[in-house]
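See structure below.
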Amino acid sequence: MAESIRIVACPTCRAEVRWEAQSRYRPFCSERCRLIDLGQWASENYRVPAEEETPPGEPPPASH
């Protein structure tokens, strides 16, 4: 039974990338696109939203 190869879009340039073990930079198409993405995270252009949590036993911060 033949296995189909999944094709994904490079997150940086949108080029088609074969999702397989031989695709060295997957999901990126190249090292260049991988480094561009890493640079975006390092310069804080990409962020993961988060909410501050109050540690157990401490009162919540006062709202203004």
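Please note that chains go A, B, ... in the order of the structure tokens, that every chain numbers its residues from 1, and that ligands are numbered from 1 in the order shown.
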
All helix (DSSP H, G or I) residues (DSSP, backbone) inside chain A, as a VMD selection string: chain A and resid 31 to 42

Those residues you just picked out, can you put them in a file as a compact mmCIF listing (two decimals), in the first residue's frame with N, CA and C atoms?
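Printed below is out.txt as written:
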```
# COMPACT_ATOMS: atom_id res chain seq x y z
N GLU A 31 16.87 26.53 5.23
CA GLU A 31 17.47 27.06 6.46
C GLU A 31 17.21 28.56 6.57
N ARG A 32 17.23 29.25 5.44
CA ARG A 32 16.97 30.70 5.43
C ARG A 32 15.61 31.01 6.05
N CYS A 33 14.56 30.31 5.62
CA CYS A 33 13.23 30.54 6.15
C CYS A 33 13.16 30.17 7.64
N ARG A 34 13.85 29.12 8.02
CA ARG A 34 13.88 28.72 9.43
C ARG A 34 14.53 29.80 10.28
N LEU A 35 15.62 30.39 9.80
CA LEU A 35 16.32 31.44 10.55
C LEU A 35 15.52 32.74 10.59
N ILE A 36 14.80 33.05 9.53
CA ILE A 36 13.92 34.23 9.54
C ILE A 36 12.88 34.08 10.64
N ASP A 37 12.27 32.90 10.73
CA ASP A 37 11.26 32.64 11.76
C ASP A 37 11.87 32.73 13.15
N LEU A 38 13.04 32.14 13.34
CA LEU A 38 13.72 32.22 14.64
C LEU A 38 14.00 33.67 15.02
N GLY A 39 14.42 34.48 14.04
CA GLY A 39 14.68 35.89 14.29
C GLY A 39 13.43 36.65 14.72
N GLN A 40 12.27 36.26 14.16
CA GLN A 40 11.02 36.90 14.56
C GLN A 40 10.71 36.62 16.03
N TRP A 41 10.95 35.38 16.47
CA TRP A 41 10.74 35.04 17.88
C TRP A 41 11.76 35.78 18.76
N ALA A 42 13.02 35.82 18.33
CA ALA A 42 14.07 36.44 19.13
C ALA A 42 13.84 37.95 19.29
```

Polymer residues at most 9 Å from A:Glu16, only C-alpha atoms, same-chain spacing of 2 or more positions, as a ChimeraX atom specification: /A:7-10,14,18,28-29

Export of the given selection (C-alpha atoms) as a short mmCIF file (atom, residue, chain, number, x, y, z; two decimals), in the first residue's frame:
```cif
data_model
loop_
_atom_site.label_atom_id
_atom_site.label_comp_id
_atom_site.auth_asym_id
_atom_site.auth_seq_id
_atom_site.Cartn_x
_atom_site.Cartn_y
_atom_site.Cartn_z
CA ILE A 7 2.44 18.76 1.44
CA VAL A 8 2.48 21.79 3.76
CA ALA A 9 3.13 25.49 3.20
CA CYS A 10 6.37 26.96 4.54
CA ARG A 14 4.41 29.80 1.75
CA ARG A 18 7.00 17.75 1.48
CA PHE A 28 10.26 25.31 6.51
CA CYS A 29 11.48 25.03 2.93
#
```

Residue nearest A:Trp19 among A:Glu53, A:Ser4, A:Pro60, A:Arg47 (counting only C-alpha atoms):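 Answer, going by the shortest atom-to-atom distance: A:Ser4.
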
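Distances here use only C-alpha atoms; by that measure, the residue among A:Asn45, A:Pro61, A:Ser30, A:Ala50 closest to A:Ala15 is A:Ser30.
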
Between atom CA of A:Arg6 and atom CA of A:Val48, distance in Å (one decimal):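 Atom CA of A:Arg6 sits 27.1 Å away from atom CA of A:Val48.
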
Nearest candidate to A:Glu20 (options A:Gly57, A:Glu3, A:Pro49, A:Ala62; using only C-alpha atoms):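 Closest to A:Glu20, using only C-alpha atoms: A:Glu3.
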